[in-house]
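Undergrad: One structure, as structure tokens, below. Some questions next.
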Amino acid sequence: MDSVIDLAAKVRGSMQPATAAVEECRAAVVQENPDINAFVFVDWESALRAAEAIDAVVATGVDPGPLAGVPFGVKDIENCAGMPTTFGSMAYKDAPPATADDPNVSRLRNAGAIPVGKTATPEFAFDSLTDTPAFGTTRNPWDLTKTPGGSSGGSAAAVSAGMVPFATGTDEGGSVRSPAAFCGLVGLKPTHGLVARLDGSSDTNTMSVLACNVSDTARLLDVMAARDDIDKMSQTRPWLGTIESRLATVPRPGLRAAWSRDLGYAPVEAEVAEIAERAATRLAEAAGLTLSSDPLTFTNANDAWMPIVTHRIRARLEYLDLWPRFADQMARTPREWLEQYGTPTPRQYGEALALRDRVESEVAAFFTDHDLLMTPTVACAAFDARGPIPAVVDGRDASATGAEAFTMFANLAWVPAISIPAGLTSAGLPVGLQVVGRRWTDVLLLQLALCLERAHPWPLHAPMADRRVGSV
């Protein structure tokens with residue numbers, strides 16, 4: 001399937017009808033989705049009607065938008081008018097269709113993109129893998145025995161398998177970056193406020209996309225980024241021009257970057273760390289960075305993130321009378337996390353807030369002397385599709401860090417972070433390099449990702465011939 005930019009150019013230039021793009025997408029979903037389970041709902045009739053409308057606009061000589069005719073998937077915790085939002089939960093499995101789009105979905109649709117269905121997510125987007133009683137197990141196209149990660153696992157799997165050119169994702173603690181790393185994609189967690197959200201109760205969640213390459217990601221963020229009064233956190237972007245146009249600018253040489261394989265606290269698989277470190281070195285060479293590898297010690301942000309975010313989710317579920325009423329129908333990990341972390345005492349919650357303050361202070365202090373921080377995106381390669389999340393990594397206790405050991409601090413500190421494909425393990429599984437910058441350096445992170453993409457191109461999709469079904 002064509003990239004976002006190439007497909008939109010064909011449709012806008014009358015070289016391919018949007019209806020043909022949707023039919024190509026449908027054929028890919030019909031072929032791939034039964035094994036992968038990336039889509040949990042599709043609506044081809046509505047997608048074809050939208051495509052016909054775009055073709056009619058093109059026939060009049062009017063430009064239907066920068067994403068004209070591009071099919072995409074919507075993560076199933078986001079509202080897309082005409083499609084149900086089930087949150088991956090039995091409690092909402094029979095939900096009626098949404099009557100309005102979330103802000104980011106609306107902007108994508110208005111730019112000519114065509115939503116074709118909803119992509120799988122763990123229940124309430126609260127797991128490091130995507131496996132639910134409501135919809136079953138979502139699998140990684142690179143190896144069907146493995147997980148695509150969570151919570152944007154369905155979106156990552158759909159894009160990596162070539163079912164759609166892009167899909168939406170949300171990142172509250174790594175939920176775009178981790179699936180991007182596991183599936184060999186580009187995944188940016190933007191600066192908080194760049195893309196408006198519907199849910200204003202969380203100050204850790206961000207909206208983004210999963211895509212195969214950097215240029216597509218830039219165009220998609222250009223479309224989604226805007227201030228919206230529905231989200232008090234949203235802001236007008238502080239730079240001139242589009243992100244896509246600014247990709248042509250090379251980052252200034254000599255930016256100060258630091259590499260850390262473990263941030264001083266997290267177990268990480270040796271092979272994963274080595275692949276990510278090689279990519280960090282290649283990026284430094286390609287972009288002219290000054291790269292240091294002096295030991296760094298950060299506070300484990302997971303210790304603050306878990307009680308703060310879990311308490312908020314449990315409080316919301318109790319308010320909606322879903323907890324504990326549906327507890328016995330939930331997947332294992334979300335249920336256990338809600339039970340273990342969901343009711344901190346006032347003192348425990350205060351300790352978590354104080355720990356968050358420490359994390360934010362450490363991040364601020366780091367960026368007084370550095371421009372960039374590089375780590376592995378995740379602590380291990382993709383693990384079993386049904387779980388559990390590894391509690392032992394590289395022979396060490398990882399119960400306090402898990403797979404997403406390096407992502408949550410960016411959400412607590414509101415800084416942007418990107419996962420860039422770094423290479424493949426000896427078993428053929430993708431590994432990601434995470435690059436973190438100061439607030440509002442989203443453009444810089446994409447410029448750096450493009451430097452690495454050009455110097456060391458990566459596979460845009462999981463190779464179909466190499467998909468190992470194994471024991472599923």
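Chain labels run A, B, ... following the order of the structure tokens; each chain numbers its residues from 1, and ligands are numbered from 1 in the order shown.
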Determine, counting only C-alpha atoms, which protein, DNA and RNA residues have an atom within 10 Å of an atom of region 234-245 of chain A; residues of the same chain fewer than 6 positions away are not included. Present the result as number ranges by chain.

TA: A: 191-197, 200, 214-223, 225-228, 440-444, 446-447

Undergrad: Keeping only N, CA and C atoms, take the residues you just selected and write them out as a compact mmCIF listing (two decimals), in the first residue's frame.

TA:
```txt
# COMPACT_ATOMS: atom_id res chain seq x y z
N THR A 191 4.44 16.91 22.31
CA THR A 191 4.35 17.78 23.48
C THR A 191 2.89 17.92 23.88
N HIS A 192 2.63 17.85 25.16
CA HIS A 192 1.26 17.99 25.64
C HIS A 192 0.69 19.34 25.22
N GLY A 193 -0.47 19.31 24.60
CA GLY A 193 -1.12 20.51 24.11
C GLY A 193 -1.03 20.69 22.61
N LEU A 194 -0.18 19.91 21.94
CA LEU A 194 -0.05 20.06 20.49
C LEU A 194 -1.30 19.58 19.77
N VAL A 195 -1.86 18.45 20.21
CA VAL A 195 -3.06 17.89 19.59
C VAL A 195 -4.16 17.87 20.64
N ALA A 196 -5.29 18.47 20.32
CA ALA A 196 -6.39 18.57 21.28
C ALA A 196 -7.02 17.21 21.55
N ARG A 197 -7.48 17.03 22.80
CA ARG A 197 -8.11 15.79 23.24
C ARG A 197 -9.53 16.09 23.70
N GLY A 200 -10.52 15.71 29.11
CA GLY A 200 -9.70 16.67 29.82
C GLY A 200 -9.35 16.26 31.23
N VAL A 214 8.67 8.98 8.45
CA VAL A 214 8.69 10.26 9.15
C VAL A 214 7.86 11.31 8.42
N SER A 215 7.96 11.37 7.10
CA SER A 215 7.23 12.39 6.35
C SER A 215 5.72 12.25 6.52
N ASP A 216 5.23 11.01 6.49
CA ASP A 216 3.80 10.79 6.73
C ASP A 216 3.41 11.27 8.12
N THR A 217 4.23 10.96 9.11
CA THR A 217 3.94 11.37 10.48
C THR A 217 3.86 12.90 10.57
N ALA A 218 4.77 13.59 9.90
CA ALA A 218 4.77 15.05 9.92
C ALA A 218 3.49 15.62 9.32
N ARG A 219 3.08 15.10 8.16
CA ARG A 219 1.86 15.62 7.55
C ARG A 219 0.65 15.36 8.44
N LEU A 220 0.57 14.19 9.01
CA LEU A 220 -0.58 13.86 9.86
C LEU A 220 -0.64 14.76 11.09
N LEU A 221 0.51 15.03 11.69
CA LEU A 221 0.53 15.92 12.85
C LEU A 221 0.19 17.35 12.46
N ASP A 222 0.61 17.77 11.28
CA ASP A 222 0.22 19.09 10.80
C ASP A 222 -1.29 19.23 10.74
N VAL A 223 -1.95 18.17 10.30
CA VAL A 223 -3.41 18.21 10.21
C VAL A 223 -4.05 18.22 11.60
N ALA A 225 -2.70 19.00 14.64
CA ALA A 225 -2.25 19.98 15.64
C ALA A 225 -3.05 21.27 15.53
N ALA A 226 -3.72 21.61 16.61
CA ALA A 226 -4.49 22.87 16.63
C ALA A 226 -5.03 23.07 18.03
N ARG A 227 -5.14 24.33 18.39
CA ARG A 227 -5.79 24.67 19.66
C ARG A 227 -7.29 24.44 19.51
N ASP A 228 -7.91 23.92 20.57
CA ASP A 228 -9.35 23.67 20.56
C ASP A 228 -9.89 23.97 21.96
N TRP A 440 8.14 21.24 23.13
CA TRP A 440 7.98 21.93 21.85
C TRP A 440 9.16 21.74 20.90
N THR A 441 9.91 20.65 21.09
CA THR A 441 10.93 20.30 20.11
C THR A 441 10.46 19.15 19.22
N ASP A 442 9.15 19.05 19.02
CA ASP A 442 8.58 17.99 18.19
C ASP A 442 9.18 17.99 16.79
N VAL A 443 9.33 19.19 16.22
CA VAL A 443 9.89 19.28 14.87
C VAL A 443 11.31 18.74 14.85
N LEU A 444 12.11 19.09 15.84
CA LEU A 444 13.49 18.60 15.92
C LEU A 444 13.51 17.08 15.98
N LEU A 446 11.40 14.95 14.79
CA LEU A 446 11.07 14.41 13.48
C LEU A 446 12.21 14.65 12.49
N GLN A 447 12.88 15.79 12.59
CA GLN A 447 14.05 16.03 11.73
C GLN A 447 15.13 14.99 11.99
```

Undergrad: Each residue of region 373-397 of chain A lying at most 10 Å from region 321-333 of chain A should get a row with its shortest atom-to-atom pair and the distance in Å to one decimal, counting only C-alpha atoms; could you produce that, ordered by chain and increasing number, as JSON lines?

TA:
```
{"residue": "A:Gly387", "atom": "CA", "partner": "A:Thr333", "partner_atom": "CA", "distance": 9.1}
{"residue": "A:Pro388", "atom": "CA", "partner": "A:Thr333", "partner_atom": "CA", "distance": 8.1}
{"residue": "A:Ile389", "atom": "CA", "partner": "A:Thr333", "partner_atom": "CA", "distance": 8.6}
```

Undergrad: Please write the residues from the selection above to a file, keeping C-alpha atoms, as a PDB file, in the first residue's frame.

TA:
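Result saved to part.pdb:
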```pdb
ATOM      1  CA  GLY A 387       1.165 -12.143  27.994  1.00  0.00           C
ATOM      2  CA  PRO A 388       2.057 -11.908  30.732  1.00  0.00           C
ATOM      3  CA  ILE A 389       4.173  -8.755  30.696  1.00  0.00           C
TER       4      ILE A 389
END
```

Undergrad: For Ala364 (chain A), list every protein, DNA or RNA residue within 12 Å, evaluated using only C-alpha atoms, and leave out those in the same chain fewer than 2 positions away; present the list as number ranges by chain.

TA: A: 298, 357-362, 366-373, 409-410, 412-415, 437-439

Undergrad: Residues within 12 Å of Ala56 (chain A), please, as number ranges by chain. Count only C-alpha atoms; anything in the same chain fewer than 4 positions from it doesn't count.

TA: A: 11-12, 14, 17-19, 49-52, 60-64, 68-69

Undergrad: Those residues you just picked out, can you put them in a file as a PDB file, in the first residue's frame with N, CA and C atoms?

TA:
```
ATOM      1  N   VAL A  11      -4.635  10.665  -5.435  1.00  0.00           N
ATOM      2  CA  VAL A  11      -6.059  10.996  -5.422  1.00  0.00           C
ATOM      3  C   VAL A  11      -6.263  12.456  -5.815  1.00  0.00           C
ATOM      4  N   ARG A  12      -5.473  13.351  -5.263  1.00  0.00           N
ATOM      5  CA  ARG A  12      -5.617  14.781  -5.571  1.00  0.00           C
ATOM      6  C   ARG A  12      -5.303  15.078  -7.035  1.00  0.00           C
ATOM      7  N   SER A  14      -5.910  13.049  -9.550  1.00  0.00           N
ATOM      8  CA  SER A  14      -6.782  12.241 -10.416  1.00  0.00           C
ATOM      9  C   SER A  14      -6.054  11.055 -11.040  1.00  0.00           C
ATOM     10  N   PRO A  17      -8.584   6.916  -8.061  1.00  0.00           N
ATOM     11  CA  PRO A  17      -9.772   7.336  -7.319  1.00  0.00           C
ATOM     12  C   PRO A  17      -9.691   6.920  -5.859  1.00  0.00           C
ATOM     13  N   ALA A  18     -10.305   7.709  -5.000  1.00  0.00           N
ATOM     14  CA  ALA A  18     -10.350   7.358  -3.582  1.00  0.00           C
ATOM     15  C   ALA A  18     -11.077   6.040  -3.362  1.00  0.00           C
ATOM     16  N   THR A  19     -12.069   5.753  -4.199  1.00  0.00           N
ATOM     17  CA  THR A  19     -12.788   4.481  -4.057  1.00  0.00           C
ATOM     18  C   THR A  19     -11.849   3.298  -4.253  1.00  0.00           C
ATOM     19  N   ARG A  49     -18.763   5.565   0.602  1.00  0.00           N
ATOM     20  CA  ARG A  49     -19.531   6.790   0.374  1.00  0.00           C
ATOM     21  C   ARG A  49     -18.642   8.019   0.537  1.00  0.00           C
ATOM     22  N   ALA A  50     -17.784   7.997   1.567  1.00  0.00           N
ATOM     23  CA  ALA A  50     -16.855   9.117   1.759  1.00  0.00           C
ATOM     24  C   ALA A  50     -15.892   9.219   0.588  1.00  0.00           C
ATOM     25  N   ALA A  51     -15.428   8.069   0.086  1.00  0.00           N
ATOM     26  CA  ALA A  51     -14.507   8.075  -1.054  1.00  0.00           C
ATOM     27  C   ALA A  51     -15.187   8.615  -2.308  1.00  0.00           C
ATOM     28  N   GLU A  52     -16.419   8.225  -2.519  1.00  0.00           N
ATOM     29  CA  GLU A  52     -17.159   8.738  -3.680  1.00  0.00           C
ATOM     30  C   GLU A  52     -17.312  10.258  -3.601  1.00  0.00           C
ATOM     31  N   THR A  60     -14.373  18.146  -9.823  1.00  0.00           N
ATOM     32  CA  THR A  60     -14.701  19.561 -10.042  1.00  0.00           C
ATOM     33  C   THR A  60     -13.469  20.445 -10.085  1.00  0.00           C
ATOM     34  N   GLY A  61     -12.301  19.862  -9.819  1.00  0.00           N
ATOM     35  CA  GLY A  61     -11.073  20.643  -9.809  1.00  0.00           C
ATOM     36  C   GLY A  61     -10.736  21.252  -8.466  1.00  0.00           C
ATOM     37  N   VAL A  62     -11.504  20.911  -7.441  1.00  0.00           N
ATOM     38  CA  VAL A  62     -11.267  21.428  -6.095  1.00  0.00           C
ATOM     39  C   VAL A  62     -10.385  20.445  -5.322  1.00  0.00           C
ATOM     40  N   ASP A  63      -9.453  20.960  -4.536  1.00  0.00           N
ATOM     41  CA  ASP A  63      -8.570  20.116  -3.717  1.00  0.00           C
ATOM     42  C   ASP A  63      -9.317  19.667  -2.466  1.00  0.00           C
ATOM     43  N   PRO A  64      -9.518  18.356  -2.278  1.00  0.00           N
ATOM     44  CA  PRO A  64     -10.254  17.883  -1.103  1.00  0.00           C
ATOM     45  C   PRO A  64      -9.430  17.839   0.181  1.00  0.00           C
ATOM     46  N   ALA A  68      -6.334  13.509   1.099  1.00  0.00           N
ATOM     47  CA  ALA A  68      -7.448  13.093   0.242  1.00  0.00           C
ATOM     48  C   ALA A  68      -7.420  11.599  -0.056  1.00  0.00           C
ATOM     49  N   GLY A  69      -8.489  10.908   0.346  1.00  0.00           N
ATOM     50  CA  GLY A  69      -8.674   9.515  -0.004  1.00  0.00           C
ATOM     51  C   GLY A  69      -7.854   8.520   0.772  1.00  0.00           C
TER      52      GLY A  69
END
```

Undergrad: At a cut-off of 12 Å, using only C-alpha atoms, what residues contact Ser155 (chain A)? Leave out same-chain residues fewer than 6 positions from it and give the result as a PyMOL selection string.

TA: chain A and resi 33+36-40+72-78+117-122+130+138-141+148-149+161-170+175-180+183+185+187+208-212
